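Pasted below: start25.cif, mmCIF, C-alpha atoms.
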data_coords
loop_
_atom_site.label_atom_id
_atom_site.label_comp_id
_atom_site.auth_asym_id
_atom_site.auth_seq_id
_atom_site.Cartn_x
_atom_site.Cartn_y
_atom_site.Cartn_z
CA MET T 200 215.07 111.71 104.88
CA SER T 201 211.45 112.68 104.56
CA TRP T 202 210.45 111.16 107.87
CA ASN T 203 209.06 113.83 110.21
CA PRO T 204 209.67 112.80 113.86
CA ALA T 205 207.35 115.51 115.21
CA LEU T 206 203.57 115.22 115.28
CA GLU T 207 202.99 118.90 114.63
CA PRO T 208 206.19 120.32 113.13
CA GLY T 209 206.93 123.91 114.01
CA CYS T 210 209.76 126.36 113.61
CA PRO T 211 210.43 129.41 115.79
CA GLY T 212 211.84 132.73 114.75
CA ALA T 213 210.24 134.97 112.17
CA GLY T 214 209.91 138.64 111.41
CA ASP T 215 209.20 141.10 108.67
CA VAL T 216 211.69 143.38 106.91
CA ASP T 217 211.20 145.86 104.11
CA ALA T 218 211.02 143.78 100.93
CA ILE T 219 210.37 140.52 102.71
CA GLU T 220 206.96 139.29 103.77
CA THR T 221 208.32 136.65 106.17
CA LEU T 222 211.76 135.81 107.51
CA ILE T 223 212.13 132.32 108.95
CA VAL T 224 214.96 131.15 111.20
CA PRO T 225 214.88 127.34 111.15
CA ARG T 226 214.92 125.27 114.31
CA ALA T 227 217.80 122.80 114.61
CA ARG T 228 217.28 119.33 116.02
CA ASP T 229 219.32 116.14 116.24
CA ILE T 230 217.56 113.06 114.88
CA GLY T 231 220.20 110.46 115.55
CA GLY T 232 223.74 111.46 114.72
CA PHE T 233 223.11 114.39 112.41
CA GLU T 234 221.41 117.76 112.54
CA VAL T 235 218.26 118.79 110.73
CA ARG T 236 217.13 122.40 110.34
CA ARG T 237 213.41 122.85 109.66
CA ALA T 238 212.18 126.00 107.88
CA LEU T 239 208.65 124.90 106.91
CA PRO T 240 206.07 124.77 108.31
CA ALA T 241 206.69 127.79 110.51
CA PRO T 242 204.31 129.28 113.10
CA ASN T 243 203.41 132.20 110.85
CA ARG T 244 203.93 130.56 107.46
CA GLN T 245 202.62 127.09 106.66
CA MET T 246 203.48 126.99 102.95
CA VAL T 247 205.39 128.76 100.19
CA GLY T 248 203.32 128.00 97.13
CA PRO T 249 202.55 124.28 97.58
CA PHE T 250 205.75 123.60 99.57
CA ILE T 251 204.66 122.64 103.09
CA PHE T 252 207.79 121.08 104.57
CA PHE T 253 211.45 122.06 104.16
CA ASP T 254 214.36 120.42 106.02
CA GLN T 255 218.11 120.85 105.66
CA ALA T 256 219.82 117.58 106.63
CA GLY T 257 223.47 117.98 107.62
CA PRO T 258 226.17 118.65 106.70
CA ALA T 259 227.23 115.59 108.70
CA GLU T 260 230.39 113.49 108.81
CA LEU T 261 229.70 109.75 109.18
CA LEU T 262 232.41 107.30 110.19
CA THR T 263 233.28 104.08 108.38
CA GLY T 264 230.54 101.54 109.00
CA HIS T 265 228.00 104.22 109.86
CA GLY T 266 225.15 105.68 107.86
CA VAL T 267 221.61 106.95 107.99
CA ASP T 268 218.75 104.49 108.39
CA VAL T 269 215.33 106.06 107.99
CA ARG T 270 213.11 103.00 108.43
CA PRO T 271 209.91 102.49 106.41
CA HIS T 272 207.36 105.16 107.31
CA PRO T 273 204.09 106.38 105.73
CA HIS T 274 202.89 109.43 103.81
CA ILE T 275 199.60 110.67 102.38
CA GLY T 276 198.53 113.78 100.44
CA LEU T 277 201.95 115.03 99.33
CA GLY T 278 204.95 114.62 97.09
CA THR T 279 208.42 114.23 98.63
CA VAL T 280 211.52 115.67 96.98
CA THR T 281 214.98 114.38 97.91
CA TYR T 282 217.90 116.50 96.68
CA LEU T 283 221.46 115.89 97.87
CA PHE T 284 224.57 118.06 97.78
CA GLN T 285 226.74 115.29 99.27
CA GLY T 286 226.20 111.63 100.08
CA GLU T 287 223.88 108.94 98.78
CA PHE T 288 220.51 107.50 99.76
CA HIS T 289 218.99 104.15 98.87
CA HIS T 290 215.25 104.69 98.43
CA GLN T 291 212.79 101.79 98.60
CA ASP T 292 209.01 102.10 98.68
CA SER T 293 205.83 100.08 98.84
CA ILE T 294 205.14 100.40 95.09
CA GLY T 295 208.35 98.51 94.38
CA THR T 296 210.82 101.33 93.71
CA ASN T 297 214.48 100.53 94.43
CA GLN T 298 216.63 103.56 93.61
CA VAL T 299 219.93 105.06 94.81
CA ILE T 300 220.08 108.84 94.61
CA THR T 301 223.37 110.72 94.18
CA PRO T 302 224.15 114.46 94.42
CA GLY T 303 222.30 116.64 91.93
CA ALA T 304 219.68 114.04 90.99
CA VAL T 305 216.01 114.13 91.99
CA ASN T 306 213.80 111.54 93.65
CA TRP T 307 210.14 112.61 93.31
CA MET T 308 207.70 110.37 95.18
CA VAL T 309 204.01 111.24 95.13
CA ALA T 310 202.28 109.59 98.09
CA GLY T 311 198.69 110.27 97.04
CA LYS T 312 196.32 108.05 99.04
CA GLY T 313 199.17 106.27 100.81
CA VAL T 314 202.73 104.97 100.48
CA THR T 315 205.56 103.85 102.75
CA HIS T 316 209.25 104.26 101.99
CA SER T 317 212.70 104.02 103.54
CA GLU T 318 215.91 105.92 102.90
CA ARG T 319 219.22 104.43 103.97
CA THR T 320 222.92 104.99 103.31
CA PRO T 321 223.93 102.31 100.76
CA ALA T 322 226.14 99.48 102.05
CA LEU T 323 229.00 100.38 99.69
CA HIS T 324 228.94 103.97 100.91
CA ARG T 325 229.40 102.80 104.53
CA GLN T 326 232.72 101.14 103.71
CA HIS T 327 234.52 104.47 104.11
CA PRO T 328 233.87 107.77 105.90
CA ASN T 329 231.01 109.56 104.17
CA ARG T 330 229.14 112.83 104.30
CA LEU T 331 225.47 113.68 104.19
CA PHE T 332 224.18 117.08 103.12
CA GLY T 333 220.89 117.76 101.39
CA ILE T 334 217.38 119.15 101.39
CA GLN T 335 214.10 117.32 101.92
CA THR T 336 210.85 119.02 100.93
CA TRP T 337 207.19 118.06 100.77
CA VAL T 338 204.80 119.48 98.18
CA ALA T 339 201.13 119.42 99.22
CA LEU T 340 198.82 118.02 96.56
CA PRO T 341 195.70 119.78 95.22
CA GLU T 342 192.47 118.42 96.68
CA ASN T 343 191.58 116.53 93.49
CA ASP T 344 194.87 114.62 93.59
CA GLU T 345 195.14 113.79 97.28
CA ASP T 346 193.69 110.30 96.76
CA MET T 347 195.62 109.44 93.60
CA GLU T 348 197.64 106.24 93.28
CA PRO T 349 201.21 106.71 94.53
CA THR T 350 203.96 107.20 91.94
CA PHE T 351 207.74 107.57 91.87
CA SER T 352 210.16 109.04 89.34
CA HIS T 353 213.93 109.54 89.34
CA HIS T 354 215.64 112.23 87.30
CA GLY T 355 219.40 112.27 86.87
CA VAL T 356 221.42 115.46 87.16
CA ASP T 357 221.96 115.59 83.38
CA THR T 358 218.20 115.74 82.74
CA LEU T 359 217.64 118.87 84.84
CA PRO T 360 217.72 122.24 83.03
CA LEU T 361 220.78 124.38 83.81
CA ILE T 362 220.63 128.14 83.28
CA GLU T 363 223.92 130.04 83.52
CA ASP T 364 224.56 133.77 83.17
CA ALA T 365 226.79 136.45 84.70
CA GLY T 366 228.07 134.46 87.68
CA ALA T 367 224.76 132.71 88.38
CA SER T 368 224.05 129.02 87.85
CA VAL T 369 220.45 127.82 88.27
CA ARG T 370 219.62 124.11 88.15
CA LEU T 371 215.86 123.63 87.93
CA ILE T 372 214.74 120.73 90.11
CA LEU T 373 210.95 120.96 89.76
CA GLY T 374 208.45 122.99 87.78
CA ARG T 375 209.05 125.95 85.50
CA SER T 376 211.19 129.06 85.86
CA TYR T 377 213.51 131.31 83.84
CA GLY T 378 212.04 129.94 80.62
CA ALA T 379 212.88 126.31 81.44
CA GLN T 380 210.81 123.27 82.50
CA ALA T 381 212.04 120.43 84.74
CA PRO T 382 211.08 116.85 83.75
CA ALA T 383 209.17 115.69 86.85
CA HIS T 384 205.38 115.78 86.52
CA LEU T 385 203.77 118.19 89.01
CA TYR T 386 200.12 118.56 89.97
CA SER T 387 200.15 122.31 90.62
CA ASP T 388 202.10 125.34 89.42
CA ALA T 389 205.46 125.44 91.23
CA PHE T 390 209.20 125.96 90.88
CA TYR T 391 212.18 124.66 92.84
CA ALA T 392 215.82 125.35 91.97
CA ASP T 393 219.40 124.94 93.22
CA VAL T 394 221.32 128.19 92.67
CA MET T 395 225.06 128.88 92.85
CA LEU T 396 226.14 132.54 92.86
CA GLN T 397 229.69 133.77 92.48
CA PRO T 398 230.82 136.56 94.85
CA HIS T 399 228.64 139.66 94.35
CA ALA T 400 226.68 138.06 91.50
CA ARG T 401 223.06 139.18 91.13
CA LEU T 402 220.00 137.06 90.46
CA PRO T 403 216.53 138.41 89.57
CA LEU T 404 213.68 136.54 91.22
CA PRO T 405 211.11 134.91 88.91
CA ASP T 406 208.25 137.35 88.45
CA ASP T 407 205.65 134.91 87.07
CA HIS T 408 204.84 133.03 90.29
CA GLU T 409 202.52 134.10 93.09
CA ASP T 410 204.69 132.87 96.00
CA ARG T 411 208.50 133.09 95.97
CA GLY T 412 210.94 132.10 98.66
CA ILE T 413 214.72 131.72 99.08
CA TYR T 414 216.61 129.51 101.51
CA VAL T 415 220.30 130.36 102.00
CA VAL T 416 222.24 127.09 102.18
CA GLU T 417 225.77 128.53 102.21
CA GLY T 418 227.32 131.96 102.06
CA SER T 419 225.29 135.14 102.41
CA LEU T 420 222.79 137.18 100.45
CA THR T 421 221.79 140.84 100.27
CA VAL T 422 218.15 141.72 99.59
CA ALA T 423 217.02 145.35 99.45
CA GLY T 424 219.95 146.45 101.59
CA GLN T 425 219.56 143.68 104.20
CA THR T 426 222.15 140.90 104.53
CA PHE T 427 221.16 137.34 105.43
CA GLU T 428 223.52 134.54 106.38
CA ALA T 429 223.10 130.80 105.82
CA GLN T 430 220.12 128.95 107.28
CA ARG T 431 217.62 131.73 106.69
CA MET T 432 214.48 131.55 104.56
CA MET T 433 212.93 134.69 103.09
CA VAL T 434 209.44 134.77 101.60
CA PHE T 435 208.72 137.75 99.35
CA ARG T 436 205.60 139.75 98.72
CA PRO T 437 203.74 138.73 95.55
CA GLY T 438 204.34 140.95 92.55
CA ASP T 439 207.46 142.78 93.77
CA SER T 440 210.24 142.99 91.18
CA LEU T 441 213.42 142.04 93.06
CA ALA T 442 216.98 140.89 92.56
CA VAL T 443 219.28 139.40 95.19
CA THR T 444 223.07 139.76 95.45
CA ALA T 445 225.56 137.23 96.78
CA GLY T 446 227.98 138.22 99.52
CA PRO T 447 231.79 138.35 99.22
CA GLN T 448 232.11 134.54 99.51
CA GLY T 449 229.30 133.81 97.06
CA ALA T 450 226.16 131.89 97.97
CA ARG T 451 224.26 128.68 97.44
CA LEU T 452 220.47 129.06 97.50
CA MET T 453 217.32 127.05 97.10
CA LEU T 454 214.53 128.92 95.28
CA LEU T 455 210.98 127.69 95.78
CA GLY T 456 207.39 128.76 95.31
CA GLY T 457 204.45 128.72 92.97
CA ALA T 458 200.70 129.17 93.10
CA THR T 459 199.03 129.03 96.49
CA LEU T 460 196.62 126.17 97.07
CA ASN T 461 192.91 126.81 97.59
CA GLY T 462 193.23 126.52 101.35
CA PRO T 463 195.50 125.50 104.24
CA ARG T 464 196.42 121.91 104.92
CA TYR T 465 196.22 119.80 108.05
CA ILE T 466 199.55 118.20 108.90
CA TRP T 467 200.15 115.49 111.47
CA TRP T 468 203.41 113.52 111.57
CA ASN T 469 203.97 112.45 107.93
CA PHE T 470 200.37 112.98 106.80
CA VAL T 471 199.10 116.04 104.90
CA SER T 472 195.51 116.60 103.80
CA SER T 473 192.83 119.19 103.21
CA ARG T 474 190.55 117.09 105.45
CA ARG T 475 191.05 115.88 109.00
CA ASP T 476 189.10 112.69 108.38
CA ARG T 477 191.67 111.55 105.78
CA ILE T 478 194.42 111.91 108.36
CA GLU T 479 192.41 110.06 111.01
CA ALA T 480 191.75 107.22 108.57
CA ALA T 481 195.45 107.02 107.66
CA LYS T 482 196.44 106.92 111.32
CA GLU T 483 194.06 104.03 111.99
CA ASP T 484 195.12 102.12 108.89
CA TYR T 485 198.82 102.41 109.73
CA ARG T 486 198.18 101.52 113.37
CA ARG T 487 196.57 98.23 112.28
CA ALA T 488 199.77 97.23 110.40
CA LYS T 489 197.82 94.93 108.08
CA TRP T 490 200.31 95.42 105.28
CA GLY T 491 198.82 95.22 101.79
CA GLN T 492 195.25 95.08 103.07
CA GLY T 493 194.53 98.80 103.34
CA LEU T 494 196.21 102.10 102.51
CA PHE T 495 199.72 100.94 103.38
CA ASP T 496 202.17 98.19 102.58
CA LEU T 497 205.92 97.95 103.25
CA PRO T 498 208.72 98.04 100.65
CA PRO T 499 209.09 94.52 99.22
CA GLU T 500 212.78 94.28 100.19
CA ASP T 501 212.70 96.33 103.41
CA ARG T 502 210.02 94.73 105.59
CA ALA T 503 211.93 93.73 108.72
CA GLU T 504 211.22 96.96 110.62
CA PHE T 505 209.16 100.13 110.36
CA VAL T 506 208.62 103.40 112.21
CA PRO T 507 205.63 102.93 114.54
CA LEU T 508 202.83 105.46 114.80
CA PRO T 509 203.82 108.11 117.39
CA GLU T 510 202.11 108.28 120.74
CA GLU T 511 199.47 110.99 120.76
CA ARG T 512 199.27 113.42 123.64
CA PRO T 513 195.89 113.42 125.44
#

Go ahead and express the file in the form of structure tokens.
Amino acid sequence: MSWNPALEPGCPGAGDVDAIETLIVPRARDIGGFEVRRALPAPNRQMVGPFIFFDQAGPAELLTGHGVDVRPHPHIGLGTVTYLFQGEFHHQDSIGTNQVITPGAVNWMVAGKGVTHSERTPALHRQHPNRLFGIQTWVALPENDEDMEPTFSHHGVDTLPLIEDAGASVRLILGRSYGAQAPAHLYSDAFYADVMLQPHARLPLPDDHEDRGIYVVEGSLTVAGQTFEAQRMMVFRPGDSLAVTAGPQGARLMLLGGATLNGPRYIWWNFVSSRRDRIEAAKEDYRRAKWGQGLFDLPPEDRAEFVPLPEERP
């Protein structure tokens, strides 16, 4: 679900509280039968570490015969991370990947100079009522890697480090944290984790990363005396030593962050780059639709349709 239907994604609602540098209230939007809540980029916070895009998809109930069909669409200059709590996605891309992702596993696609991909509910999954609930994120690439060849890797749930202690369970999705290292190859210093907290359990934030953020998926969280409900993202000041505490019903969180990049990124539709000219070139190449003759091709087994380039406002 890493298609971005907006040309210049934004997210209203932010403010500062004591221990928190930025508080983000995601904007909800319907993109065809299910709700997406976008936390990044926000008007006053483009990235947390290298994470430049963060969407919660669902939870959604889909009837028998129904599913999600995100048609082939392009990316440049980023890595996409698909992580599901419920449901399944069938990923296909222009470098030949054909992979179904299930809850707790990781699909890590690095677009580099250009890739197209689709994500659809598998046919078998549509034969009964099904649910969709997950997180889609984009990780901006360092300048030296923006034009790399695209790659894809899949990592099953059993390959991801699991750290458990005193009512806290941390599954490391990407990068390094709490003394563990996830298997996917990253191009900058980062961490990304799925955290389950029992009621009133405490979790110290990693103190060895420049940027640190938390997104509350379910439940509630107390930070420095302030309580935050689900669908809130908090970004913390660098260097502060902090712990967070789950509310009376417990909490599910996504932790993210890492080293800041050497500068901001331009973002237009599904394209991210440190240079505007790269984005303009990608727009023109995709508009031509000369598949396999430029930056973009279509997935070998999903070529019947694709998401067209959006209309640009004058």

Next on the checklist: Residues within 9 Å of range 274-277 of chain T, please, as an MDAnalysis selection string. Count all atoms listed in the file; anything in the same chain fewer than 6 positions from it doesn't count.
Outcome noted: chainID T and resid 202 251 308:316 337:342 344:347 349 468:473 477:478 481

With the cut-off set at 6 Å and counting all atoms listed in the file, tabulate each residue of range 384-503 of chain T with an atom at most that distance from an atom of range 233-250 of chain T, showing the nearest atom pair and its distance in Å to one decimal, ordered by chain and increasing number, as a Markdown table.
| residue | atom | partner | partner_atom | distance |
| --- | --- | --- | --- | --- |
| T:Asp410 | CA | T:Gly248 | CA | 5.2 |
| T:Gly456 | CA | T:Gly248 | CA | 4.5 |
| T:Gly457 | CA | T:Gly248 | CA | 4.4 |
| T:Ala458 | CA | T:Gly248 | CA | 4.9 |
| T:Thr459 | CA | T:Gly248 | CA | 4.5 |

Next on the checklist: What does the structure give for the distance between CA of Asp501 in chain T and CA of Glu348 in chain T, in Å to one decimal?
Outcome noted: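 Distance between the two atoms: 20.7 Å.
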
Checklist entry - Quick one: which residues end up in the PyMOL selection byres ((chain T and resi 220) around 12) for this structure, as a PyMOL selection string? => result chain T and resi 213-219+221-223+243-244+247+410-413+432-439

Take the residues just selected and output them with C-alpha atoms as a PDB file, in the coordinates of the input.
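As a result, again04.pdb now contains:
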ATOM      1  CA  ALA T 213     210.240 134.970 112.170  1.00  0.00           C
ATOM      2  CA  GLY T 214     209.910 138.640 111.410  1.00  0.00           C
ATOM      3  CA  ASP T 215     209.200 141.100 108.670  1.00  0.00           C
ATOM      4  CA  VAL T 216     211.690 143.380 106.910  1.00  0.00           C
ATOM      5  CA  ASP T 217     211.200 145.860 104.110  1.00  0.00           C
ATOM      6  CA  ALA T 218     211.020 143.780 100.930  1.00  0.00           C
ATOM      7  CA  ILE T 219     210.370 140.520 102.710  1.00  0.00           C
ATOM      8  CA  THR T 221     208.320 136.650 106.170  1.00  0.00           C
ATOM      9  CA  LEU T 222     211.760 135.810 107.510  1.00  0.00           C
ATOM     10  CA  ILE T 223     212.130 132.320 108.950  1.00  0.00           C
ATOM     11  CA  ASN T 243     203.410 132.200 110.850  1.00  0.00           C
ATOM     12  CA  ARG T 244     203.930 130.560 107.460  1.00  0.00           C
ATOM     13  CA  VAL T 247     205.390 128.760 100.190  1.00  0.00           C
ATOM     14  CA  ASP T 410     204.690 132.870  96.000  1.00  0.00           C
ATOM     15  CA  ARG T 411     208.500 133.090  95.970  1.00  0.00           C
ATOM     16  CA  GLY T 412     210.940 132.100  98.660  1.00  0.00           C
ATOM     17  CA  ILE T 413     214.720 131.720  99.080  1.00  0.00           C
ATOM     18  CA  MET T 432     214.480 131.550 104.560  1.00  0.00           C
ATOM     19  CA  MET T 433     212.930 134.690 103.090  1.00  0.00           C
ATOM     20  CA  VAL T 434     209.440 134.770 101.600  1.00  0.00           C
ATOM     21  CA  PHE T 435     208.720 137.750  99.350  1.00  0.00           C
ATOM     22  CA  ARG T 436     205.600 139.750  98.720  1.00  0.00           C
ATOM     23  CA  PRO T 437     203.740 138.730  95.550  1.00  0.00           C
ATOM     24  CA  GLY T 438     204.340 140.950  92.550  1.00  0.00           C
ATOM     25  CA  ASP T 439     207.460 142.780  93.770  1.00  0.00           C
TER      26      ASP T 439
END

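Note that the spacing between CA of Leu373 in chain T and CA of Arg464 in chain T amounts to 21.0 Å.
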
Checklist entry - Skipping near chain neighbours, those fewer than 2 positions away, what residues fall within 8 Å of Pro271 in chain T using all atoms listed in the file, listed as a list in words? => result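 Close residues of Pro271 in chain T: Val269, Pro273, Asp292, Thr315, His316, Ser317, Glu318, Leu497, Pro498, Asp501, Arg502, Glu504, Phe505 and Val506 of chain T.
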
May I have the residues from that selection written out with C-alpha atoms, as an mmCIF file, keeping the file's coordinate frame?
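Wrote selection02.cif, looks like this:
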data_model
loop_
_atom_site.group_PDB
_atom_site.id
_atom_site.type_symbol
_atom_site.label_atom_id
_atom_site.label_comp_id
_atom_site.auth_asym_id
_atom_site.auth_seq_id
_atom_site.Cartn_x
_atom_site.Cartn_y
_atom_site.Cartn_z
ATOM 1 C CA VAL T 269 215.330 106.060 107.990
ATOM 2 C CA PRO T 273 204.090 106.380 105.730
ATOM 3 C CA ASP T 292 209.010 102.100 98.680
ATOM 4 C CA THR T 315 205.560 103.850 102.750
ATOM 5 C CA HIS T 316 209.250 104.260 101.990
ATOM 6 C CA SER T 317 212.700 104.020 103.540
ATOM 7 C CA GLU T 318 215.910 105.920 102.900
ATOM 8 C CA LEU T 497 205.920 97.950 103.250
ATOM 9 C CA PRO T 498 208.720 98.040 100.650
ATOM 10 C CA ASP T 501 212.700 96.330 103.410
ATOM 11 C CA ARG T 502 210.020 94.730 105.590
ATOM 12 C CA GLU T 504 211.220 96.960 110.620
ATOM 13 C CA PHE T 505 209.160 100.130 110.360
ATOM 14 C CA VAL T 506 208.620 103.400 112.210
#

Checklist entry - Can you list, as a ChimeraX atom specification, the residues that the PyMOL selection byres ((chain T and resi 369-372) around 8) selects here? => result /T:305,359-363,367-368,373-376,379-381,390-395
